[in-house]
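query_11.txt (compact mmCIF, C-alpha atoms and all ligand atoms)
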```
# COMPACT_ATOMS: atom_id res chain seq x y z
CA MET A 1 -0.66 -39.95 -26.19
CA PHE A 2 0.26 -36.44 -27.17
CA PRO A 3 3.47 -35.14 -25.68
CA ILE A 4 2.70 -32.50 -23.06
CA PRO A 5 3.98 -29.51 -25.05
CA LEU A 6 1.36 -30.23 -27.74
CA LEU A 7 -1.39 -30.42 -25.16
CA ILE A 8 -0.63 -27.04 -23.73
CA ALA A 9 0.38 -25.33 -26.95
CA PRO A 10 -3.02 -23.84 -27.94
CA MET A 11 -3.63 -21.89 -24.77
CA ALA A 12 0.02 -20.98 -24.48
CA ARG A 13 0.44 -19.57 -27.97
CA ASN A 14 0.79 -15.94 -27.01
CA SER A 15 2.06 -16.17 -23.46
CA ARG A 16 4.44 -19.07 -23.11
CA PRO A 17 7.96 -18.67 -24.34
CA ASP A 18 9.00 -21.69 -26.38
CA LEU A 19 11.75 -23.95 -25.15
CA GLY A 20 14.37 -22.18 -27.25
CA ASP A 21 13.50 -18.94 -25.50
CA LEU A 22 13.72 -20.71 -22.16
CA ASP A 23 17.21 -22.02 -22.89
CA ASP A 24 18.22 -18.53 -23.88
CA LEU A 25 16.66 -17.06 -20.75
CA ALA A 26 18.40 -19.65 -18.56
CA ALA A 27 21.77 -18.86 -20.15
CA ARG A 28 21.25 -15.13 -19.62
CA VAL A 29 20.21 -15.66 -15.99
CA LYS A 30 23.35 -17.73 -15.44
CA ALA A 31 25.42 -14.98 -17.01
CA GLY A 32 24.05 -12.71 -14.30
CA GLU A 33 22.01 -10.47 -16.59
CA ARG A 34 19.71 -8.49 -14.36
CA ARG A 35 16.98 -7.99 -16.95
CA ALA A 36 16.87 -11.71 -17.63
CA LEU A 37 16.70 -12.38 -13.89
CA ALA A 38 13.80 -9.95 -13.51
CA LYS A 39 12.03 -11.60 -16.44
CA ALA A 40 12.61 -15.06 -15.01
CA ILE A 41 11.18 -14.02 -11.65
CA THR A 42 8.14 -12.53 -13.38
CA LEU A 43 7.68 -15.86 -15.12
CA VAL A 44 7.72 -17.90 -11.88
CA GLU A 45 5.42 -15.36 -10.22
CA SER A 46 2.86 -15.55 -13.00
CA SER A 47 -0.39 -17.27 -12.18
CA LYS A 48 -1.03 -18.36 -15.79
CA PRO A 49 -0.88 -22.17 -16.02
CA ALA A 50 1.28 -22.05 -19.15
CA ASP A 51 3.78 -19.70 -17.49
CA HIS A 52 3.78 -21.97 -14.50
CA GLU A 53 5.01 -24.88 -16.63
CA ALA A 54 7.61 -22.73 -18.30
CA GLY A 55 8.78 -21.31 -14.97
CA GLU A 56 9.13 -24.77 -13.53
CA ALA A 57 11.08 -25.99 -16.57
CA LEU A 58 13.37 -22.98 -16.26
CA LEU A 59 13.96 -23.59 -12.55
CA THR A 60 14.55 -27.28 -13.03
CA GLY A 61 17.21 -26.52 -15.62
CA LEU A 62 18.86 -24.00 -13.33
CA LEU A 63 18.70 -26.14 -10.18
CA PRO A 64 22.34 -27.32 -10.41
CA SER A 65 23.44 -23.66 -10.34
CA THR A 66 21.51 -22.84 -7.17
CA GLY A 67 22.27 -23.18 -3.48
CA ARG A 68 25.54 -21.29 -3.24
CA ALA A 69 24.31 -18.10 -1.59
CA LEU A 70 24.15 -17.39 2.08
CA ARG A 71 20.43 -16.99 2.74
CA LEU A 72 19.61 -14.45 5.42
CA GLY A 73 16.15 -13.73 6.80
CA LEU A 74 15.39 -10.35 8.27
CA SER A 75 12.27 -9.75 10.29
CA GLY A 76 11.01 -6.90 12.41
CA ALA A 77 8.01 -4.73 13.13
CA PRO A 78 7.30 -1.81 10.80
CA GLY A 79 9.45 1.15 11.77
CA VAL A 80 12.35 -0.72 13.42
CA GLY A 81 14.53 0.14 10.45
CA LYS A 82 14.57 -2.93 8.18
CA SER A 83 14.87 -0.88 5.02
CA THR A 84 17.50 1.44 6.46
CA PHE A 85 19.46 -1.57 7.72
CA THR A 86 19.16 -3.27 4.34
CA GLU A 87 20.57 -0.17 2.66
CA ALA A 88 23.52 -0.02 5.09
CA PHE A 89 24.19 -3.76 5.15
CA GLY A 90 23.64 -4.25 1.42
CA THR A 91 25.99 -1.44 0.41
CA TYR A 92 28.57 -2.70 2.92
CA LEU A 93 28.45 -6.12 1.25
CA THR A 94 28.62 -4.81 -2.31
CA GLY A 95 31.55 -2.68 -1.13
CA ARG A 96 33.26 -5.95 -0.25
CA GLY A 97 32.69 -7.17 -3.78
CA LEU A 98 29.69 -9.37 -2.97
CA LYS A 99 26.49 -9.49 -4.99
CA VAL A 100 23.36 -8.97 -2.91
CA ALA A 101 19.73 -9.78 -3.69
CA VAL A 102 16.89 -8.43 -1.57
CA LEU A 103 13.51 -10.18 -1.69
CA ALA A 104 10.39 -9.77 0.40
CA VAL A 105 7.75 -12.01 1.87
CA ASP A 106 4.88 -9.78 2.80
CA PRO A 107 1.38 -10.92 1.90
CA SER A 108 -0.01 -7.70 3.39
CA SER A 109 1.81 -5.70 0.72
CA ALA A 110 -0.66 -7.08 -1.83
CA ARG A 111 -2.98 -4.49 -0.34
CA SER A 112 -0.52 -1.69 0.25
CA GLY A 113 1.17 -2.06 -3.13
CA GLY A 114 4.50 -3.69 -2.39
CA SER A 115 6.40 -2.93 0.78
CA ILE A 116 9.90 -2.82 -0.64
CA LEU A 117 8.94 -0.62 -3.58
CA GLY A 118 7.60 2.02 -1.22
CA ASP A 119 10.86 1.63 0.68
CA LYS A 120 13.11 2.28 -2.27
CA THR A 121 13.57 5.83 -1.06
CA ARG A 122 15.32 4.36 2.00
CA MET A 123 17.40 2.12 -0.24
CA GLU A 124 18.45 4.69 -2.78
CA LYS A 125 22.09 3.70 -2.98
CA LEU A 126 21.41 -0.01 -3.00
CA ALA A 127 18.69 0.34 -5.63
CA ARG A 128 21.23 1.96 -7.98
CA ASP A 129 24.05 -0.46 -7.14
CA PRO A 130 24.91 -2.71 -10.11
CA ASN A 131 25.81 -5.51 -7.68
CA ALA A 132 22.46 -5.40 -5.91
CA PHE A 133 19.07 -6.64 -7.00
CA ILE A 134 15.92 -5.57 -5.15
CA ARG A 135 12.62 -7.28 -5.76
CA PRO A 136 9.39 -6.32 -3.99
CA SER A 137 6.97 -8.88 -2.65
CA PRO A 138 4.92 -10.63 -5.33
CA ALA A 139 1.44 -9.16 -5.39
CA GLY A 140 -1.60 -11.13 -4.36
CA GLY A 141 -2.29 -14.57 -3.06
CA THR A 142 -1.97 -16.43 0.19
CA LEU A 143 1.09 -16.50 2.41
CA GLY A 144 1.80 -19.97 1.03
CA GLY A 145 1.71 -18.65 -2.53
CA VAL A 146 3.86 -15.61 -1.75
CA ALA A 147 6.36 -17.78 0.12
CA ARG A 148 6.61 -20.25 -2.76
CA ARG A 149 7.31 -17.52 -5.27
CA THR A 150 9.90 -15.98 -2.97
CA ARG A 151 11.67 -19.35 -2.63
CA GLU A 152 11.69 -19.66 -6.40
CA ALA A 153 12.94 -16.10 -6.83
CA MET A 154 15.70 -16.93 -4.33
CA LEU A 155 16.81 -19.92 -6.41
CA LEU A 156 16.87 -17.73 -9.52
CA THR A 157 19.02 -15.07 -7.86
CA GLU A 158 21.42 -17.83 -6.77
CA ALA A 159 21.63 -19.13 -10.33
CA ALA A 160 22.40 -15.55 -11.37
CA GLY A 161 25.43 -15.60 -9.09
CA PHE A 162 24.27 -13.60 -6.08
CA ASP A 163 26.34 -14.33 -2.98
CA VAL A 164 23.92 -13.16 -0.33
CA VAL A 165 20.12 -13.28 -0.48
CA LEU A 166 18.35 -11.14 2.06
CA VAL A 167 14.72 -12.13 2.56
CA GLU A 168 12.76 -9.49 4.39
CA THR A 169 9.46 -9.80 6.17
CA VAL A 170 7.35 -7.65 8.44
CA GLY A 171 7.02 -8.90 11.96
CA VAL A 172 3.33 -9.57 11.84
CA GLY A 173 1.38 -12.75 11.28
CA GLN A 174 2.85 -16.02 10.13
CA SER A 175 5.24 -14.66 7.54
CA GLU A 176 8.21 -14.80 9.94
CA ILE A 177 7.84 -18.54 10.25
CA ALA A 178 7.63 -18.86 6.48
CA VAL A 179 10.86 -16.87 6.10
CA ALA A 180 12.68 -18.69 8.91
CA ASP A 181 11.80 -21.84 7.00
CA MET A 182 13.51 -20.76 3.78
CA VAL A 183 16.74 -19.15 5.00
CA ASP A 184 19.96 -20.32 6.62
CA MET A 185 20.17 -17.61 9.24
CA PHE A 186 17.15 -15.85 10.69
CA CYS A 187 17.75 -12.37 12.09
CA VAL A 188 15.28 -10.32 14.08
CA LEU A 189 15.60 -6.57 14.09
CA LEU A 190 14.41 -4.62 17.12
CA ALA A 191 14.64 -0.98 18.09
CA PRO A 192 14.28 0.94 21.32
CA ALA A 193 11.06 2.88 21.15
CA GLY A 194 12.19 5.93 23.11
CA GLY A 195 11.99 4.62 26.66
CA ASP A 196 13.35 1.32 27.86
CA GLU A 197 10.74 -0.52 25.92
CA LEU A 198 11.40 -2.40 22.71
CA GLN A 199 9.01 -2.61 19.82
CA GLY A 200 7.31 -5.96 20.34
CA ILE A 201 8.77 -9.39 19.87
CA LYS A 202 6.91 -12.61 20.47
CA ARG A 203 8.53 -15.41 22.35
CA GLY A 204 7.93 -17.79 19.47
CA ILE A 205 9.95 -15.53 17.19
CA MET A 206 12.80 -15.32 19.71
CA GLU A 207 13.03 -19.08 19.51
CA LEU A 208 13.52 -18.83 15.75
CA ALA A 209 16.16 -16.10 15.92
CA ASP A 210 19.79 -16.94 15.20
CA LEU A 211 20.75 -13.32 15.70
CA ILE A 212 18.97 -10.41 17.37
CA ILE A 213 19.95 -7.03 15.97
CA ILE A 214 19.10 -4.01 18.07
CA ASN A 215 18.96 -1.11 15.66
CA LYS A 216 18.97 2.64 16.31
CA ALA A 217 21.83 2.26 18.79
CA ASP A 218 22.76 5.91 18.38
CA GLY A 219 22.14 9.29 20.03
CA ASP A 220 19.58 9.23 22.82
CA LEU A 221 18.63 5.67 21.95
CA LEU A 222 22.09 4.24 22.54
CA LYS A 223 21.56 3.81 26.26
CA PRO A 224 18.19 2.07 26.07
CA ALA A 225 19.60 -0.05 23.22
CA ARG A 226 22.41 -1.25 25.52
CA VAL A 227 19.96 -2.06 28.30
CA ALA A 228 17.77 -3.95 25.86
CA ALA A 229 20.75 -5.89 24.53
CA ALA A 230 21.63 -7.10 28.02
CA ASP A 231 18.01 -8.10 28.67
CA PHE A 232 17.79 -10.02 25.43
CA LYS A 233 21.08 -11.78 26.00
CA ALA A 234 19.73 -12.99 29.32
CA ALA A 235 16.42 -14.04 27.75
CA LEU A 236 18.17 -15.93 24.93
CA GLY A 237 20.04 -17.94 27.54
CA LEU A 238 16.76 -19.50 28.62
CA ILE A 239 15.84 -20.75 25.15
CA PRO A 240 16.92 -24.25 24.14
CA PRO A 241 19.57 -23.97 21.40
CA LYS A 242 18.69 -24.85 17.79
CA TYR A 243 22.24 -25.89 16.90
CA LYS A 244 25.17 -27.56 18.57
CA THR A 245 27.71 -25.06 17.33
CA TRP A 246 25.84 -21.78 17.20
CA THR A 247 24.52 -19.79 20.13
CA PRO A 248 22.13 -16.98 19.19
CA ASP A 249 23.56 -13.59 20.00
CA VAL A 250 22.53 -9.95 20.34
CA ARG A 251 24.26 -7.15 18.40
CA LEU A 252 23.89 -3.39 18.46
CA VAL A 253 23.67 -1.52 15.17
CA SER A 254 23.08 2.00 13.97
CA SER A 255 21.87 1.63 10.41
CA LEU A 256 21.88 5.40 9.99
CA GLU A 257 25.49 5.80 11.11
CA GLY A 258 26.79 2.44 9.98
CA ALA A 259 28.10 1.39 13.40
CA GLY A 260 27.98 -2.35 14.00
CA VAL A 261 27.14 -3.21 10.39
CA PRO A 262 30.42 -5.03 9.55
CA GLU A 263 29.98 -7.07 12.74
CA ILE A 264 26.66 -8.40 11.45
CA TRP A 265 28.44 -9.77 8.40
CA GLU A 266 31.13 -11.27 10.64
CA ALA A 267 28.40 -12.98 12.66
CA ALA A 268 26.78 -14.30 9.48
CA GLU A 269 30.07 -15.74 8.27
CA ALA A 270 30.75 -17.27 11.68
CA PHE A 271 27.27 -18.81 11.62
CA ARG A 272 27.86 -20.31 8.19
CA ALA A 273 31.23 -21.70 9.20
CA ALA A 274 29.87 -23.18 12.44
CA LEU A 275 27.00 -24.98 10.71
CA ALA A 276 29.21 -26.17 7.88
CA LYS A 277 31.57 -27.81 10.33
CA THR A 278 28.93 -30.10 11.80
CA GLY A 279 26.85 -30.63 8.66
CA GLU A 280 23.91 -28.92 10.38
CA GLY A 281 23.71 -26.35 7.58
CA GLU A 282 23.31 -29.08 4.97
CA ARG A 283 20.71 -30.87 7.09
CA LEU A 284 18.81 -27.63 7.60
CA ARG A 285 18.47 -27.15 3.84
CA GLN A 286 17.47 -30.76 3.32
CA SER A 287 14.71 -30.53 5.89
CA GLN A 288 13.57 -27.20 4.42
CA ALA A 289 13.31 -28.83 0.99
CA GLY A 290 11.27 -31.66 2.49
CA ALA A 291 8.98 -29.20 4.25
CA TRP A 292 8.51 -27.31 0.99
CA LEU A 293 7.54 -30.54 -0.77
CA TRP A 294 4.93 -31.23 1.90
CA ALA A 295 3.60 -27.69 1.78
CA GLU A 296 3.14 -28.10 -1.99
CA LEU A 297 1.45 -31.46 -1.50
CA ARG A 298 -0.97 -30.06 1.06
CA GLU A 299 -1.75 -27.06 -1.09
CA GLY A 300 -2.13 -29.15 -4.23
CA LEU A 301 -4.46 -31.61 -2.53
CA THR A 302 -6.57 -28.85 -1.04
CA ASP A 303 -6.80 -27.12 -4.43
CA ALA A 304 -7.80 -30.36 -6.13
CA LEU A 305 -10.37 -31.07 -3.48
CA THR A 306 -11.96 -27.64 -3.42
CA SER A 307 -12.07 -27.35 -7.21
CA ASP A 308 -13.63 -30.81 -7.71
CA ALA A 309 -17.04 -29.89 -9.14
CA SER A 310 -18.57 -33.32 -8.59
CA LEU A 311 -17.74 -33.11 -4.90
CA LYS A 312 -19.37 -29.70 -4.38
CA LYS A 313 -22.76 -31.03 -3.25
CA ALA A 314 -21.27 -33.51 -0.83
CA VAL A 315 -18.97 -30.80 0.61
CA LYS A 316 -21.91 -28.41 1.08
CA SER A 317 -23.99 -30.98 2.88
CA ALA A 318 -21.04 -32.05 5.04
CA GLU A 319 -20.50 -28.41 6.01
CA ALA A 320 -24.16 -28.11 6.95
CA ALA A 321 -24.04 -31.39 8.89
CA VAL A 322 -21.03 -30.39 10.99
CA ALA A 323 -22.39 -26.85 11.51
CA GLY A 324 -25.63 -28.36 12.78
CA ALA A 325 -23.71 -30.78 15.04
CA ARG A 326 -25.34 -33.71 13.25
CA GLU A 327 -21.99 -35.09 12.23
CA LEU A 328 -18.48 -35.07 13.67
CA PRO A 329 -15.97 -33.12 11.46
CA PRO A 330 -13.40 -35.98 11.41
CA ALA A 331 -16.03 -38.46 10.26
CA ALA A 332 -17.36 -36.07 7.61
CA ALA A 333 -13.81 -35.35 6.41
CA ARG A 334 -13.02 -39.04 6.17
CA ALA A 335 -16.14 -39.71 4.11
CA LEU A 336 -15.38 -36.82 1.75
CA LEU A 337 -11.76 -37.92 1.35
CA ALA A 338 -12.83 -41.49 0.61
CA GLU A 339 -15.20 -40.24 -2.09
CA PHE A 340 -12.56 -37.90 -3.56
CA LEU A 341 -9.73 -40.44 -3.53
CA GLY A 342 -11.97 -43.23 -4.79
CA ARG A 343 -12.87 -41.13 -7.81
CA SER A 344 -9.37 -39.97 -8.60
CA ARG A 345 -8.20 -43.58 -8.53
CA SER A 346 -10.80 -44.76 -11.05
N1 LIG B 401 18.19 6.95 14.93
C1 LIG B 401 18.03 5.99 14.03
N2 LIG B 401 16.94 5.96 13.26
C2 LIG B 401 16.83 4.97 12.35
C3 LIG B 401 17.82 3.96 12.20
N3 LIG B 401 17.41 3.09 11.25
C4 LIG B 401 16.22 3.55 10.81
N4 LIG B 401 15.86 4.67 11.47
C5 LIG B 401 14.63 5.47 11.24
O1 LIG B 401 13.50 4.70 11.57
C6 LIG B 401 12.43 4.97 10.66
C7 LIG B 401 11.91 3.70 10.04
O2 LIG B 401 12.93 3.11 9.22
P1 LIG B 401 12.60 2.06 8.07
O3 LIG B 401 13.91 1.60 7.55
O4 LIG B 401 11.65 2.61 7.07
O5 LIG B 401 11.89 0.91 8.90
P2 LIG B 401 11.11 -0.41 8.37
O6 LIG B 401 9.66 -0.08 8.40
O7 LIG B 401 11.45 -1.48 9.36
O8 LIG B 401 11.60 -0.71 6.99
C8 LIG B 401 12.98 5.96 9.65
O9 LIG B 401 12.58 7.25 10.03
C9 LIG B 401 14.48 5.80 9.78
O10 LIG B 401 15.20 6.96 9.44
C10 LIG B 401 18.98 4.04 13.03
O11 LIG B 401 19.91 3.24 12.99
N5 LIG B 401 19.03 5.07 13.93
MG MG B 402 10.62 -1.05 5.28
```
Before we go any further, please render this structure as structure tokens.
Ligand SMILES: Nc1nc2c(ncn2[C@@H]2O[C@H](COP(=O)(O)OP(=O)(O)O)[C@@H](O)[C@H]2O)c(=O)[nH]1
Ligand SMILES: [Mg+2]
Amino acid sequence: MFPIPLLIAPMARNSRPDLGDLDDLAARVKAGERRALAKAITLVESSKPADHEAGEALLTGLLPSTGRALRLGLSGAPGVGKSTFTEAFGTYLTGRGLKVAVLAVDPSSARSGGSILGDKTRMEKLARDPNAFIRPSPAGGTLGGVARRTREAMLLTEAAGFDVVLVETVGVGQSEIAVADMVDMFCVLLAPAGGDELQGIKRGIMELADLIIINKADGDLLKPARVAAADFKAALGLIPPKYKTWTPDVRLVSSLEGAGVPEIWEAAEAFRAALAKTGEGERLRQSQAGAWLWAELREGLTDALTSDASLKKAVKSAEAAVAGARELPPAAARALLAEFLGRSRS
């Protein structure tokens, strides 16, 4: 047998850094070099098979240096003030001597050209802050693919010594669940929309929230923000708690004026301390890692199945058979799986 590096060398010649380069890159990431970090993230985001191997080798080597950051998710509908909040919160944290990374999970930005990049005007100070690192959503691909690359980018920022990782998502579609599944604390940002009404939140998302932040609590919106906070506090009381030691709470913030921003950090630290005390924080990360493994398994199996050329005909005819109600989908699936697994075993 050829060792694997020989097998992949020909196609990798001009794209894959050799292992020496990888060691060097890993060392520079660990030293907190921002350009190395950006390069490493580009490597794990690449869809080239050779880069994929290199990215995985890099991450595997860095794994012992990961896991130390507080991972915060931030979700909310467009316009509630996520970017403005990130600017205020991020600069508050760097002002306290913490290093802050901002990542995004937003599959829709593949079309609109990167949500965070367009937002950099609202994050002017943070974007220039040497202790902050802002990375837009990786372009293209499914939610699963975008989420995987964001998880990997998160590990890289941790290896680079960032203390807080803020993962942002827009409050549409399934991306909130993907983010809630990769962070320690999941925060939902809401804003009064003029009247008493809040920009939408789904019940399912309320159940995921560890903290509800009502933004734009300033000027004419302060009063409706207070009313909304009371309503949400009452509503949260009806939701079964996720943790023994943490009760989800509602906080008022004005990202424009800075009011309430330090209290969000206090809440995050209290959350971390509460979950550390019972071991629930550790268990959360363990179960997230297990869920990630299963997501990769499902995706890998589906990829293998759909790209299996010799199965194409059988898949087509099964699709026709179930569409024509001549066969039951579970039976057709079982037959296809048996054929696929039988072949991969031989
Ligand atoms: N009054 C007020 N307006 C805000 C606040 N935060 C954000 N905004 C405004 O809300 C709009 C949308 O903010 P943005 O951060 O881009 O929202 P995003 O789409 O969730 O990222 C902008 O016009 C902001 O200036 C706030 O705390 N108070
Ligand atoms: Mg934004």
For CA of Ile239 in chain A and CA of Ile213 in chain A, determine how far apart the two atoms are, in Å to one decimal place.
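Taking CA of Ile239 in chain A as the start and CA of Ile213 in chain A as the end point, the length is 17.0 Å.
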Using only the atoms of range 315-331 of chain A listed in the file, plus 6 Å on each side, state the axis-aligned box centre and edge lengths in Å rounded to one decimal, as lines of an AutoDock Vina configuration file.
```
center_x = -19.5
center_y = -32.7
center_z = 7.8
size_x = 24.2
size_y = 23.6
size_z = 26.4
```
Atomic separation - CA of Ser310 in chain A relative to CA of Ala331 in chain A, Å
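Calculated distance between CA of Ala331 in chain A and CA of Ser310 in chain A is 19.7 Å.
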Quick one: distance from CA of Glu319 in chain A to CA of Gly145 in chain A in Å, one decimal?
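It comes out at 25.7 Å.
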Would you write out, as JSON lines, a table of all residues in chain A that have an atom no more than 10 Å from an atom of ligand LIG 401 (chain B), listing for each the closest atom pair and the distance in Å to one decimal, considering all atoms listed in the file and ordering rows by chain and rising residue number?
```
{"residue": "A:Leu74", "atom": "CA", "partner": "B:LIG401", "partner_atom": "O7", "distance": 9.8}
{"residue": "A:Ser75", "atom": "CA", "partner": "B:LIG401", "partner_atom": "O7", "distance": 8.4}
{"residue": "A:Gly76", "atom": "CA", "partner": "B:LIG401", "partner_atom": "O7", "distance": 6.2}
{"residue": "A:Ala77", "atom": "CA", "partner": "B:LIG401", "partner_atom": "O7", "distance": 6.1}
{"residue": "A:Pro78", "atom": "CA", "partner": "B:LIG401", "partner_atom": "O6", "distance": 3.8}
{"residue": "A:Gly79", "atom": "CA", "partner": "B:LIG401", "partner_atom": "O6", "distance": 3.6}
{"residue": "A:Val80", "atom": "CA", "partner": "B:LIG401", "partner_atom": "O7", "distance": 4.2}
{"residue": "A:Gly81", "atom": "CA", "partner": "B:LIG401", "partner_atom": "O5", "distance": 3.2}
{"residue": "A:Lys82", "atom": "CA", "partner": "B:LIG401", "partner_atom": "O7", "distance": 3.6}
{"residue": "A:Ser83", "atom": "CA", "partner": "B:LIG401", "partner_atom": "O3", "distance": 3.7}
{"residue": "A:Thr84", "atom": "CA", "partner": "B:LIG401", "partner_atom": "O3", "distance": 3.8}
{"residue": "A:Phe85", "atom": "CA", "partner": "B:LIG401", "partner_atom": "N3", "distance": 6.2}
{"residue": "A:Thr86", "atom": "CA", "partner": "B:LIG401", "partner_atom": "O3", "distance": 7.8}
{"residue": "A:Glu87", "atom": "CA", "partner": "B:LIG401", "partner_atom": "O3", "distance": 8.4}
{"residue": "A:Ala88", "atom": "CA", "partner": "B:LIG401", "partner_atom": "N3", "distance": 9.2}
{"residue": "A:Ser115", "atom": "CA", "partner": "B:LIG401", "partner_atom": "O8", "distance": 8.4}
{"residue": "A:Ile116", "atom": "CA", "partner": "B:LIG401", "partner_atom": "O8", "distance": 8.1}
{"residue": "A:Gly118", "atom": "CA", "partner": "B:LIG401", "partner_atom": "O4", "distance": 9.2}
{"residue": "A:Asp119", "atom": "CA", "partner": "B:LIG401", "partner_atom": "O4", "distance": 6.5}
{"residue": "A:Lys120", "atom": "CA", "partner": "B:LIG401", "partner_atom": "O4", "distance": 9.5}
{"residue": "A:Thr121", "atom": "CA", "partner": "B:LIG401", "partner_atom": "O4", "distance": 9.0}
{"residue": "A:Arg122", "atom": "CA", "partner": "B:LIG401", "partner_atom": "O3", "distance": 6.4}
{"residue": "A:Met123", "atom": "CA", "partner": "B:LIG401", "partner_atom": "O3", "distance": 8.6}
{"residue": "A:Glu168", "atom": "CA", "partner": "B:LIG401", "partner_atom": "O8", "distance": 9.2}
{"residue": "A:Thr169", "atom": "CA", "partner": "B:LIG401", "partner_atom": "O7", "distance": 9.1}
{"residue": "A:Val170", "atom": "CA", "partner": "B:LIG401", "partner_atom": "O7", "distance": 7.5}
{"residue": "A:Gly171", "atom": "CA", "partner": "B:LIG401", "partner_atom": "O7", "distance": 9.0}
{"residue": "A:Leu189", "atom": "CA", "partner": "B:LIG401", "partner_atom": "O7", "distance": 8.1}
{"residue": "A:Leu190", "atom": "CA", "partner": "B:LIG401", "partner_atom": "O7", "distance": 8.9}
{"residue": "A:Ala191", "atom": "CA", "partner": "B:LIG401", "partner_atom": "C3", "distance": 8.3}
{"residue": "A:Pro192", "atom": "CA", "partner": "B:LIG401", "partner_atom": "N1", "distance": 9.6}
{"residue": "A:Ile214", "atom": "CA", "partner": "B:LIG401", "partner_atom": "O11", "distance": 8.9}
{"residue": "A:Asn215", "atom": "CA", "partner": "B:LIG401", "partner_atom": "O11", "distance": 5.2}
{"residue": "A:Lys216", "atom": "CA", "partner": "B:LIG401", "partner_atom": "N5", "distance": 3.4}
{"residue": "A:Ala217", "atom": "CA", "partner": "B:LIG401", "partner_atom": "O11", "distance": 6.2}
{"residue": "A:Asp218", "atom": "CA", "partner": "B:LIG401", "partner_atom": "N1", "distance": 5.8}
{"residue": "A:Gly219", "atom": "CA", "partner": "B:LIG401", "partner_atom": "N1", "distance": 6.9}
{"residue": "A:Asp220", "atom": "CA", "partner": "B:LIG401", "partner_atom": "N1", "distance": 8.3}
{"residue": "A:Leu221", "atom": "CA", "partner": "B:LIG401", "partner_atom": "N1", "distance": 7.1}
{"residue": "A:Leu222", "atom": "CA", "partner": "B:LIG401", "partner_atom": "N1", "distance": 9.0}
{"residue": "A:Leu252", "atom": "CA", "partner": "B:LIG401", "partner_atom": "O11", "distance": 9.5}
{"residue": "A:Val253", "atom": "CA", "partner": "B:LIG401", "partner_atom": "O11", "distance": 6.4}
{"residue": "A:Ser254", "atom": "CA", "partner": "B:LIG401", "partner_atom": "O11", "distance": 3.5}
{"residue": "A:Ser255", "atom": "CA", "partner": "B:LIG401", "partner_atom": "O11", "distance": 3.6}
{"residue": "A:Leu256", "atom": "CA", "partner": "B:LIG401", "partner_atom": "O11", "distance": 4.2}
{"residue": "A:Glu257", "atom": "CA", "partner": "B:LIG401", "partner_atom": "O11", "distance": 6.4}
{"residue": "A:Gly258", "atom": "CA", "partner": "B:LIG401", "partner_atom": "O11", "distance": 7.6}
{"residue": "A:Ala259", "atom": "CA", "partner": "B:LIG401", "partner_atom": "O11", "distance": 8.4}
{"residue": "A:Gly260", "atom": "CA", "partner": "B:LIG401", "partner_atom": "O11", "distance": 9.9}
```
The residue from A:Asp106, A:Glu176, A:Asp163, A:Glu280 with the smallest atom-to-atom distance to ligand MG 402 (chain B), counting all atoms listed in the file, is A:Asp106
Would you mind telling me which residue in A:Ala180, A:Ala276, A:Ala335, A:Val188 lies nearest to Gln288 in chain A when using all atoms listed in the file?
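Smallest separation from Gln288 in chain A among the options: A:Ala180.
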I'd like the contact shell of Phe271 in chain A - 12 Å cut-off, all atoms listed in the file, skipping same-chain residues fewer than 6 positions apart - returned as a list in words.
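So the residues in contact are Leu70, Arg71, Leu72, Asp184, Met185, Phe186, Cys187, Asp210, Leu211, Tyr243, Lys244, Thr245, Trp246, Thr247, Pro248, Asp249, Ile264, Trp265, Lys277, Thr278, Glu280 and Gly281 of chain A.
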Smallest atom-to-atom distance to ligand MG 402 (chain B): which of A:Gly90, A:Ser65, A:Pro136, A:Trp292, using all atoms listed in the file?
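Selected residue with least distance to ligand MG 402 (chain B): A:Pro136.
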Pick from A:Ala104, A:Val164, A:Leu59, A:Ala147: nearest to ligand MG 402 (chain B), with only C-alpha atoms and all ligand atoms counted?
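For ligand MG 402 (chain B), the nearest of the candidates is A:Ala104.
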Please identify every residue of range 273-321 of chain A that has at least one atom no farther than 12 Å from an atom of range 336-339 of chain A, counting all atoms listed in the file, and for each give the shortest atom pair and the distance in Å to one decimal, arranged by chain then increasing number, as CSV.
```
residue,atom,partner,partner_atom,distance
A:Leu301,CA,A:Leu337,CA,10.4
A:Thr302,CA,A:Leu337,CA,10.7
A:Ala304,CA,A:Leu337,CA,11.3
A:Leu305,CA,A:Leu337,CA,8.5
A:Thr306,CA,A:Leu336,CA,11.1
A:Asp308,CA,A:Glu339,CA,11.1
A:Ser310,CA,A:Glu339,CA,10.1
A:Leu311,CA,A:Leu336,CA,8.0
A:Lys312,CA,A:Leu336,CA,10.2
A:Lys313,CA,A:Leu336,CA,10.6
A:Ala314,CA,A:Leu336,CA,7.2
A:Val315,CA,A:Leu336,CA,7.1
A:Lys316,CA,A:Leu336,CA,10.7
A:Ser317,CA,A:Leu336,CA,10.5
A:Ala318,CA,A:Leu336,CA,8.1
A:Glu319,CA,A:Leu336,CA,10.7
```
With C-alpha atoms kept, could you save the residues just selected as a short mmCIF file (atom, residue, chain, number, x, y, z; two decimals), in the coordinates of the input?
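Final file, part_18.cif:
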```cif
data_model
loop_
_atom_site.label_atom_id
_atom_site.label_comp_id
_atom_site.auth_asym_id
_atom_site.auth_seq_id
_atom_site.Cartn_x
_atom_site.Cartn_y
_atom_site.Cartn_z
CA LEU A 301 -4.46 -31.61 -2.53
CA THR A 302 -6.57 -28.85 -1.04
CA ALA A 304 -7.80 -30.36 -6.13
CA LEU A 305 -10.37 -31.07 -3.48
CA THR A 306 -11.96 -27.64 -3.42
CA ASP A 308 -13.63 -30.81 -7.71
CA SER A 310 -18.57 -33.32 -8.59
CA LEU A 311 -17.74 -33.11 -4.90
CA LYS A 312 -19.37 -29.70 -4.38
CA LYS A 313 -22.76 -31.03 -3.25
CA ALA A 314 -21.27 -33.51 -0.83
CA VAL A 315 -18.97 -30.80 0.61
CA LYS A 316 -21.91 -28.41 1.08
CA SER A 317 -23.99 -30.98 2.88
CA ALA A 318 -21.04 -32.05 5.04
CA GLU A 319 -20.50 -28.41 6.01
#
```
